[in-house]
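As structure tokens, the structure follows; a few thoughts come after it.
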Amino acid sequence: MSPPSTPPSPPAPSARSPRRAVFGIGAQQWADSWAGLRAIAPLMPGSALFGLAFGALVRVAGVDPWAGNFASVSVVAGASQIAIVEAIRTGAPAAIAVITALVINARFALYSAALAPVYAAFPLRWRLGLAHLMTDQSAVVSLERAADWPDPVRRRWFILGGALPFVAVWVVGSAAGIALGPVIPDAWQIGFIVPLMFLAVMVPGLRSAPALTAVAVATIVVVAARGLPFGLNVLAGALAGIAVGSFVPERRAATAGPVPDDGLAHDQGAGE
């Protein structure tokens with residue numbers, strides 16, 4: 001007599017069950033975004049204080065609070081926003097305020113050129129969205145870490161994880177400054193947070209002669225011309241740095257190859 005057949009045993013449970021998508025975003029995308037947040041987190045306290053300073057200046061200059069809050073969301077350029085509001089506060093002509101802001105923001109054209117290969121494989125909606133969220137700090141972090149994320153899908157979630165929270169901190173800080181008024185003592189010299197935060201991320205990446213020359217010339221002119229009215233020393237320094245730096249020849253050092261990118265990656269889960 002044949003022995004009774006043994007029923008098949010149930011499959012062993014996997015050691016780790018797959019995570020479900022949250023808000024339509026897969027677990028891998030959350031992990032990559034979290035990595036971007038960790039990369040930029042040390043710079044966020046400066047962004048919050050800078051936002052408070054801008055908000056307080058909006059109140060002091062008598063600018064409509066709604067306009068100030070809208071500017072933080074729509075412009076996302078703290079240095080030029082402060083330049084415009086400061087020009088309004090000192091009674092400068094509108095043309096000077098606008099030209100100063102445009103010159104200060106001209107650096108984003110350089111970021112665009114540098115980030116073009118990094119963004120090349122992203123869908124159009126991602127390129128436009130990340131361009132709006134781009135700041136000095138997130139641009140530098142993205143450029144320095146792009147080679148660590150050769151998959152363009154994972155790379156764009158990493159960049160979003162750094163750019164979006166940083167902008168959110170800036171917006172919340174500026175809204176708080178507008179609501180609370182000048183809560184930061186003048187003795188703190190809050191204006192120095194901007195160049196210090198910028199230099200903290202930019203100086204390690206300043207290796208070319210034109211960039212170093214432009215920064216040095218702009219700094220010297222801004223300090224030397226600090227007596228000019230309407231904040232024109234900032235405009236003069238920016239123009240002088242750009243002009244002199246453009247005449248300095250580029251000396252390229254040996255660098256790593258371009259960001260590897262086949263442009264064929266697709267999201268494995270939700271959240272494209």
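Every chain in the structure tokens takes a letter, A first, then B, and so on in the order presented; its residues are numbered from 1, and the ligands are numbered from 1 following the presented order.
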Could you produce a table of the residues of region 48-92 of chain A lying within 12 Å of region 114-135 of chain A, with the nearest pair of atoms per residue and their separation in Å rounded to one decimal, using only C-alpha atoms, ordered by chain and increasing residue number, as CSV?
residue,atom,partner,partner_atom,distance
A:Ser72,CA,A:Leu133,CA,11.1
A:Val73,CA,A:Leu133,CA,9.3
A:Ser74,CA,A:His132,CA,8.2
A:Val75,CA,A:His132,CA,8.2
A:Val76,CA,A:Leu133,CA,7.1
A:Ala77,CA,A:Thr135,CA,7.1
A:Gly78,CA,A:Thr135,CA,8.9
A:Ala79,CA,A:Thr135,CA,10.4
A:Ser80,CA,A:Thr135,CA,11.9
**Message:** Need to verify the contact set: Leu102 (chain A), 12 Å, only C-alpha atoms, exclusion of same-chain residues closer than 4 positions in sequence. Can you return it as a PyMOL selection string?
**Reply:** chain A and resi 75+77+79-81+83-84+95-98+106-109+234-235+238-239
Suppose we keep C-alpha atoms; can you now write the selection as a PDB file, in the first residue's frame?
ATOM      1  CA  VAL A  75      10.259  83.955  -7.600  1.00  0.00           C
ATOM      2  CA  ALA A  77      15.290  83.840  -5.346  1.00  0.00           C
ATOM      3  CA  ALA A  79      19.005  87.491  -2.873  1.00  0.00           C
ATOM      4  CA  SER A  80      17.174  89.282  -5.690  1.00  0.00           C
ATOM      5  CA  GLN A  81      13.981  89.535  -3.624  1.00  0.00           C
ATOM      6  CA  ALA A  83      17.547  93.556  -3.402  1.00  0.00           C
ATOM      7  CA  ILE A  84      14.165  94.608  -4.803  1.00  0.00           C
ATOM      8  CA  ALA A  95      14.313 100.453 -13.121  1.00  0.00           C
ATOM      9  CA  ILE A  96      17.269 100.142 -10.730  1.00  0.00           C
ATOM     10  CA  ALA A  97      15.442  97.576  -8.600  1.00  0.00           C
ATOM     11  CA  VAL A  98      14.518  95.454 -11.605  1.00  0.00           C
ATOM     12  CA  ALA A 106      21.724  85.958 -14.137  1.00  0.00           C
ATOM     13  CA  ARG A 107      23.756  83.288 -12.370  1.00  0.00           C
ATOM     14  CA  PHE A 108      20.878  80.887 -12.916  1.00  0.00           C
ATOM     15  CA  ALA A 109      21.703  80.923 -16.622  1.00  0.00           C
ATOM     16  CA  VAL A 234      25.571  95.190  -5.464  1.00  0.00           C
ATOM     17  CA  LEU A 235      24.723  95.882  -9.094  1.00  0.00           C
ATOM     18  CA  ALA A 238      27.878  91.820 -10.070  1.00  0.00           C
ATOM     19  CA  LEU A 239      28.512  93.568 -13.387  1.00  0.00           C
TER      20      LEU A 239
END
**Per-residue DSSP, region 53-226 of chain A, filtered to helix (DSSP H, G or I), as an NGL selection string** = :A and (53-61 or 65-74 or 78-89 or 94-105 or 107-119 or 124-133 or 136-148 or 152-180 or 186-188 or 190-205 or 209-224)
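Using only C-alpha atoms, the nearest neighbour of Val58 (chain A) within the list A:Ala41, A:Ala168, A:Ala113, A:Ala179 is A:Ala179.
Taking CA of Leu57 (chain A) and CA of Gly91 (chain A) as the two end points, the separation is 14.0 Å.
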**Asked** Which distance in Å separates CA of Gly161 (chain A) and CA of Ser138 (chain A), to one decimal?
**Response** 9.7 Å
**Prompt:** Skipping near chain neighbours, those fewer than 4 positions away, what residues fall within 7 Å of Ala218 (chain A) using only C-alpha atoms, listed as JSON, numbers by chain?
**Reply:** {"A": [214, 222, 237, 238, 240, 241]}
**Polymer residues at most 9 Å from Ala139 (chain A), only C-alpha atoms, same-chain spacing of 3 or more positions, as a PyMOL selection string** = chain A and resi 111+115+134-136+142-144+159+163
